[in-house]
Structures are given as structure tokens and as C-alpha cells.
$ cat query.txt   # compact mmCIF, C-alpha atoms
# COMPACT_ATOMS: atom_id res chain seq x y z
CA MET W 1 -1.18 -8.34 75.84
CA PRO W 2 2.12 -7.54 74.02
CA PRO W 3 2.42 -8.78 70.43
CA GLU W 4 5.45 -10.93 71.34
CA GLU W 5 3.27 -13.23 73.48
CA ILE W 6 0.40 -13.82 71.04
CA ASP W 7 -0.09 -14.50 67.35
CA PHE W 8 -1.97 -12.06 65.16
CA GLN W 9 -4.94 -14.27 64.31
CA THR W 10 -5.72 -14.81 68.05
CA PHE W 11 -5.35 -11.08 68.74
CA PHE W 12 -7.38 -10.11 65.68
CA THR W 13 -10.27 -12.49 66.50
CA ALA W 14 -10.42 -11.27 70.09
CA ARG W 15 -10.37 -7.64 68.98
CA ILE W 16 -13.30 -8.17 66.64
CA LYS W 17 -15.34 -9.71 69.44
CA GLU W 18 -14.41 -6.93 71.87
CA ARG W 19 -15.66 -4.31 69.41
CA GLY W 20 -18.81 -6.25 68.60
CA ALA W 21 -17.90 -6.12 64.91
CA THR W 22 -18.50 -8.57 62.09
CA LEU W 23 -16.31 -9.30 59.09
CA LYS W 24 -18.95 -7.78 56.82
CA LYS W 25 -19.05 -4.49 58.74
CA LEU W 26 -15.25 -4.47 59.03
CA SER W 27 -14.99 -4.97 55.27
CA GLU W 28 -17.32 -2.03 54.65
CA ALA W 29 -15.36 0.18 57.06
CA THR W 30 -11.88 -0.66 55.75
CA GLY W 31 -12.43 -1.61 52.11
CA ILE W 32 -10.74 -4.97 52.69
CA SER W 33 -12.53 -7.90 51.06
CA PRO W 34 -14.25 -10.39 53.44
CA MET W 35 -12.16 -13.16 51.89
CA HIS W 36 -8.91 -11.48 52.95
CA LEU W 37 -10.31 -10.70 56.42
CA GLU W 38 -11.21 -14.40 56.71
CA SER W 39 -7.60 -15.31 55.86
CA LEU W 40 -6.34 -12.95 58.59
CA VAL W 41 -8.71 -14.48 61.16
CA HIS W 42 -7.35 -17.95 60.43
CA GLY W 43 -3.71 -16.89 60.00
CA ARG W 44 -3.56 -17.92 56.33
CA PHE W 45 -1.07 -15.25 55.24
CA GLU W 46 -0.13 -17.32 52.18
CA ASP W 47 -3.60 -16.61 50.77
CA LEU W 48 -3.14 -12.84 51.05
CA PRO W 49 -1.76 -10.48 48.40
CA SER W 50 1.87 -9.24 48.44
CA ALA W 51 3.47 -7.66 51.49
CA PRO W 52 2.65 -4.00 50.68
CA TYR W 53 -1.06 -4.86 50.59
CA VAL W 54 -0.91 -6.72 53.93
CA HIS W 55 0.89 -3.69 55.41
CA GLY W 56 -1.96 -1.50 54.22
CA TYR W 57 -4.57 -3.90 55.63
CA LEU W 58 -3.01 -3.77 59.10
CA THR W 59 -2.87 0.03 59.02
CA ARG W 60 -6.57 0.29 58.16
CA LEU W 61 -7.61 -2.42 60.65
CA GLY W 62 -5.61 -0.70 63.37
CA LYS W 63 -7.59 2.52 62.84
CA ALA W 64 -10.91 0.65 62.77
CA LEU W 65 -10.25 -1.57 65.82
CA ASP W 66 -7.99 0.81 67.77
CA PHE W 67 -4.63 -0.98 67.74
CA ASP W 68 -1.16 -0.16 66.44
CA GLY W 69 -0.99 -1.73 63.00
CA GLU W 70 2.70 -0.85 62.55
CA VAL W 71 3.70 -2.88 65.63
CA TRP W 72 1.90 -5.94 64.29
CA TRP W 73 3.35 -5.37 60.80
CA GLU W 74 6.89 -5.46 62.18
CA LYS W 75 6.12 -8.66 64.10
CA ILE W 76 4.63 -10.35 61.03
CA LYS W 77 7.62 -9.31 58.90
CA LYS W 78 10.02 -10.57 61.55
CA GLU W 79 8.29 -13.94 61.63
CA ARG W 80 8.40 -14.01 57.80
CA LEU W 81 4.70 -14.71 57.55
CA VAL W 82 4.53 -12.66 54.35
CA GLY W 83 7.04 -12.15 51.57
CA ASN W 84 8.92 -8.86 51.56
CA SER W 85 8.60 -7.17 48.15
CA GLY W 86 11.28 -4.57 48.78
CA PRO W 87 13.02 -2.36 51.35
CA ASN W 88 10.40 0.38 51.17
CA ASP W 89 7.29 -1.88 51.19
CA THR W 90 5.47 0.48 48.85
CA LEU W 91 2.31 -0.44 47.01
CA PRO W 92 2.67 -1.25 43.29
CA ASN W 93 1.77 1.50 40.88
CA ASN W 94 -1.90 1.57 40.00
CA ARG W 95 -2.10 1.24 36.23
CA PHE W 96 -5.62 2.69 36.35
CA LEU W 97 -4.46 5.83 38.17
CA ARG W 98 -4.98 8.87 35.97
CA GLU W 99 -2.09 11.23 35.37
CA SER W 100 -2.08 14.60 37.05
CA PRO W 101 -3.66 17.50 35.09
CA ALA W 102 -0.26 19.25 34.86
CA LYS W 103 1.29 16.27 33.08
CA MET W 104 -1.66 16.00 30.75
CA ILE W 105 -1.45 19.72 29.91
CA TRP W 106 2.28 19.54 29.19
CA GLY W 107 1.74 16.42 27.09
CA GLY W 108 -0.90 18.28 25.08
CA VAL W 109 1.39 21.30 24.58
CA ILE W 110 4.23 19.07 23.35
CA GLY W 111 1.84 17.28 21.00
CA VAL W 112 0.64 20.60 19.51
CA LEU W 113 4.24 21.78 19.01
CA VAL W 114 5.11 18.53 17.21
CA VAL W 115 2.09 18.93 14.91
CA ILE W 116 3.05 22.55 14.12
CA TYR W 117 6.66 21.54 13.40
CA LEU W 118 5.56 18.76 11.06
CA ALA W 119 3.12 21.10 9.31
CA PHE W 120 6.05 23.34 8.34
CA GLN W 121 8.56 20.57 7.66
CA ILE W 122 6.47 18.17 5.55
CA PRO W 123 6.16 20.57 2.56
CA ILE W 124 9.92 21.18 2.74
CA ILE W 125 10.73 17.47 2.97
CA PHE W 126 8.52 16.49 0.04
CA SER W 127 9.14 19.53 -2.19
CA LYS W 128 11.46 19.45 -5.23
CA PRO W 129 14.99 20.88 -4.98
CA SER W 130 15.56 24.37 -6.41
CA LEU W 131 18.07 24.35 -9.29
CA THR W 132 19.26 27.20 -11.54
CA VAL W 133 21.90 27.53 -14.28
CA THR W 134 23.48 30.99 -14.35
CA PHE W 135 25.95 30.18 -17.15
CA PRO W 136 25.50 29.57 -20.05
CA SER W 137 22.99 32.41 -20.17
CA SER W 138 20.99 30.89 -23.04
CA ASN W 139 19.78 27.42 -23.99
CA PRO W 140 20.87 26.28 -26.54
CA PHE W 141 24.24 28.03 -26.29
CA THR W 142 26.80 28.33 -29.12
CA THR W 143 30.54 28.51 -28.47
CA ASN W 144 33.83 28.31 -30.43
CA SER W 145 35.70 26.92 -27.38
CA SER W 146 36.17 23.18 -26.87
CA THR W 147 35.65 23.52 -23.10
CA LEU W 148 32.81 25.05 -21.13
CA THR W 149 32.20 25.63 -17.41
CA PHE W 150 28.62 25.37 -16.21
CA GLU W 151 27.72 27.58 -13.23
CA GLY W 152 24.60 27.77 -11.08
CA THR W 153 22.95 27.49 -7.67
CA VAL W 154 21.02 24.73 -5.88
CA SER W 155 19.09 24.41 -2.60
CA GLY W 156 17.12 21.67 -0.86
CA ALA W 157 19.08 18.88 -2.57
CA ASN W 158 21.14 16.02 -1.16
CA SER W 159 23.08 15.42 -4.37
CA LEU W 160 23.84 17.18 -7.65
CA SER W 161 25.19 15.64 -10.86
CA LEU W 162 25.84 16.42 -14.50
CA ASN W 163 25.37 13.49 -16.90
CA GLY W 164 25.80 11.19 -13.87
CA ASP W 165 29.04 12.82 -12.64
CA SER W 166 28.82 14.23 -9.13
CA ILE W 167 29.09 18.01 -8.64
CA THR W 168 30.49 19.56 -5.47
CA VAL W 169 28.22 22.24 -4.01
CA ALA W 170 29.63 25.14 -1.98
CA GLN W 171 28.20 26.16 1.39
CA ASP W 172 26.31 29.06 -0.19
CA GLY W 173 24.66 26.69 -2.69
CA SER W 174 26.75 27.71 -5.71
CA TRP W 175 28.32 25.13 -8.00
CA GLU W 176 30.34 24.83 -11.21
CA LYS W 177 31.38 22.01 -13.53
CA SER W 178 33.77 22.05 -16.51
CA VAL W 179 33.09 19.83 -19.54
CA LEU W 180 34.85 18.97 -22.81
CA LEU W 181 32.79 19.57 -25.96
CA GLN W 182 32.59 17.69 -29.22
CA SER W 183 31.84 19.33 -32.57
CA GLY W 184 28.15 19.87 -33.10
CA VAL W 185 25.35 19.61 -30.51
CA ASN W 186 26.27 18.50 -26.98
CA SER W 187 23.45 17.60 -24.56
CA PHE W 188 23.93 17.79 -20.77
CA SER W 189 21.48 16.75 -18.04
CA ILE W 190 21.87 18.42 -14.63
CA ALA W 191 20.00 16.62 -11.82
CA ALA W 192 19.38 17.73 -8.21
CA LYS W 193 17.99 14.95 -5.96
CA LYS W 194 16.56 14.56 -2.44
CA ILE W 195 16.83 11.51 -0.19
CA LEU W 196 13.11 10.76 -0.55
CA GLY W 197 13.42 10.62 -4.34
CA ARG W 198 12.21 14.08 -5.37
CA GLU W 199 14.30 15.37 -8.32
CA THR W 200 14.73 18.51 -10.44
CA ASP W 201 16.31 18.12 -13.91
CA ILE W 202 17.58 20.71 -16.39
CA THR W 203 18.75 19.77 -19.89
CA GLU W 204 21.26 22.11 -21.54
CA GLU W 205 22.29 22.00 -25.22
CA ILE W 206 25.70 23.38 -26.15
CA ILE W 207 26.65 23.83 -29.83
CA TYR W 208 30.38 23.69 -30.40
CA ASN W 209 31.36 25.36 -33.73
CA GLY W 210 34.68 23.61 -34.21
CA SER W 211 34.66 24.12 -38.03
CA GLY W 212 35.75 27.76 -37.63
CA PHE W 213 39.27 26.68 -36.87
CA VAL W 214 39.38 24.42 -39.94
CA GLY W 215 38.35 27.32 -42.21
CA SER W 216 41.15 29.51 -40.89
CA ALA W 217 43.66 26.80 -41.54
CA SER W 218 42.42 26.38 -45.12
CA SER W 219 42.71 30.11 -45.78
CA SER W 220 46.25 30.09 -44.48
CA ALA W 221 47.12 27.09 -46.59
CA SER W 222 45.64 28.63 -49.76
CA SER W 223 47.73 31.76 -49.36
CA THR W 224 50.96 29.78 -49.34
CA PRO W 225 50.92 28.71 -53.03
CA ASP W 226 50.44 32.37 -54.09
CA SER W 227 53.64 33.35 -52.31
CA SER W 228 55.49 30.44 -53.81
CA SER W 229 54.26 31.33 -57.22
CA THR W 230 55.36 34.91 -56.83
CA SER W 231 58.70 33.83 -55.51
CA THR W 232 59.18 31.44 -58.42
CA THR W 233 58.27 34.08 -60.97
CA THR W 234 60.68 36.52 -59.42
CA SER W 235 63.39 33.94 -59.47
CA SER W 236 62.68 33.16 -63.09
CA SER W 237 62.77 36.81 -63.91
CA GLY W 238 65.96 37.08 -62.04
CA ARG W 239 67.41 34.20 -63.85
CA ALA W 240 66.32 35.88 -67.25
CA LEU W 241 68.51 38.92 -66.60
CA PRO W 242 71.80 39.03 -68.76
$ encode --input "query.txt" --output "C-alpha cells"
Amino acid sequence: MPPEEIDFQTFFTARIKERGATLKKLSEATGISPMHLESLVHGRFEDLPSAPYVHGYLTRLGKALDFDGEVWWEKIKKERLVGNSGPNDTLPNNRFLRESPAKMIWGGVIGVLVVIYLAFQIPIIFSKPSLTVTFPSSNPFTTNSSTLTFEGTVSGANSLSLNGDSITVAQDGSWEKSVLLQSGVNSFSIAAKKILGRETDITEEIIYNGSGFVGSASSSASSTPDSSSTSTTTSSSGRALP
């Protein structure tokens, strides 16, 4: 009898009797629970799972009882006996389904590469910056000039400063900073810092001998009275001539 002239529960019950089957044996053959088979026998589609599962039930029952499950599925959908979960009526993803070996292998390879990368990067990230001062060449350093230009190189630092003043670093890591000196000992702290707080500090002492210029001035000043004295004597002698 064509599906258009009969409902599924009547057809399904008759088919079971024709095949001499029981719901228990049908459940074992198809993997469909007896409770869901009971719902199909009585036409209680509202008690069944979502549409993709019902579609699968009809396909398996059709193979077991020798009928076209797709024809009955289209009829049931047309009569809106079950809710339609989507245009493709595909089964939901099985969250217990294991991933394919290929995906697991690639995931393992990526994990190993990440571990290797971190093994090389962690010491770099947490190491101290490298900082050198190429001029002055000695520490402490003595100079007769009131200005001095520090020079050096730095690597692995996010910032560089001298006594708190920022220093611009060239692309090759070189840097320089000019300072004004006061007479006596001048102390300068050069600090290279990383984002994570690691820091390298160098303290430089510069001795500015400013008194040398004062001594020269005094010598020049002391020579002036001698000239005046000579000039005066000459003049006096001149004036003594008849």
C-alpha cells in the first residue's frame, strides 16, 4: 500500500507482524532502543529524539524490515510529525568521537615545536640585558673638560637611561650621551631594562679637574704686576734724565 494512503504506525506495526519480529529482536538488530520503537508503533513522534535521529531510525528499520525508509522519511517530514533541525538533516557531532590519528599526530608535532621554541626563548626573555661602556676607557676617569660624551653598546634591553634620562639607541645597538660636569667627582648610573623587570646597571665616576684653569689665570695675573713695575721703573729712569 502506498505511503500516501496509510500512516506510519499502522504500516510499521503490520510490517513487524509480517516479518514475525518482536520489538526486542528489532532493537538488537538495529540498535534502536525498545522505548523509541514503542513510540514509533504508537505514532508518538513527540517522544522521539530530534529529526536527524528519526531519519536514521527509518533508514535502519527499512533495511531490517525491507521497506524504503527514505520514502517514509519524506512523508513524515511533509506531515511535520517531527521537527526539522536543518536543511541537511545531519546528525549532531558526537562529542565522544575520537579525532583521527592524522590530527592527533599533527597536534603532537605542533606541541613539540612550541615546547622547543619556549625552551630557547625563556632564557632570552628572563636574562639580563647586555650593556657595555666603550668610552670613557677607565673608571674612574679624569678629565680637564667640562663636558663628556659617554659611548657604548646595549642589547636585549627595552629601555636605556643615564641618571634617569632616556638614551636613544641606534639600530646596531650603539648609543652615546653627552653630560655637563661639575668640579670634583661626578657619579653617573647607566641602566638597561627589560619589560619583565630585569636590569643591568653600570656606575661611572668622572673626575673633573676644573682647578687647572684657575691656576693658569693666577699665573697670568701674577705676571702683570712685574711688567707694570718694570714699566714704572723705566719711566722713572726716563724722567730722571736731564
$ atom_distance --input "query.txt" --atom1 "CA of Asp47 (chain W)" --atom2 "CA of Arg19 (chain W)"
25.4 Å
$ closest_residue --input "query.txt" --among "W:Ile125, W:Leu23, W:Ile6, W:Val133" --to "Lys75 (chain W)" --atoms "only C-alpha atoms"
W:Ile6
$ axis_aligned_box --input "query.txt" --around "region 48-67 of chain W" --padding-each-side "6 Å" --output "JSON"
{"center_x": -3.7, "center_y": -5.2, "center_z": 58.1, "size_x": 26.4, "size_y": 27.4, "size_z": 31.4}
$ closest_residue --input "query.txt" --among "W:Phe8, W:Met35, W:Phe188, W:Tyr208" --to "Val71 (chain W)" --atoms "only C-alpha atoms"
W:Phe8
$ closest_residue --input "query.txt" --among "W:Ser155, W:Ser33, W:Ser174, W:Asn186" --to "Ile124 (chain W)" --atoms "all atoms listed in the file"
W:Ser155
$ atom_distance --input "query.txt" --atom1 "CA of Gln9 (chain W)" --atom2 "CA of Tyr57 (chain W)"
13.5 Å
$ atom_distance --input "query.txt" --atom1 "CA of Ile206 (chain W)" --atom2 "CA of Val169 (chain W)"
22.3 Å
$ residues_around --input "query.txt" --residues "Val185 (chain W)" --least-positions-apart "6" --cutoff "9 Å" --atoms "all atoms listed in the file" --output "VMD selection string"
chain W and resid 140 142 205 to 209
$ residues_around --input "query.txt" --residues "Gly173 (chain W)" --least-positions-apart "3" --cutoff "10 Å" --atoms "all atoms listed in the file" --output "VMD selection string"
chain W and resid 131 152 to 157 168 to 170
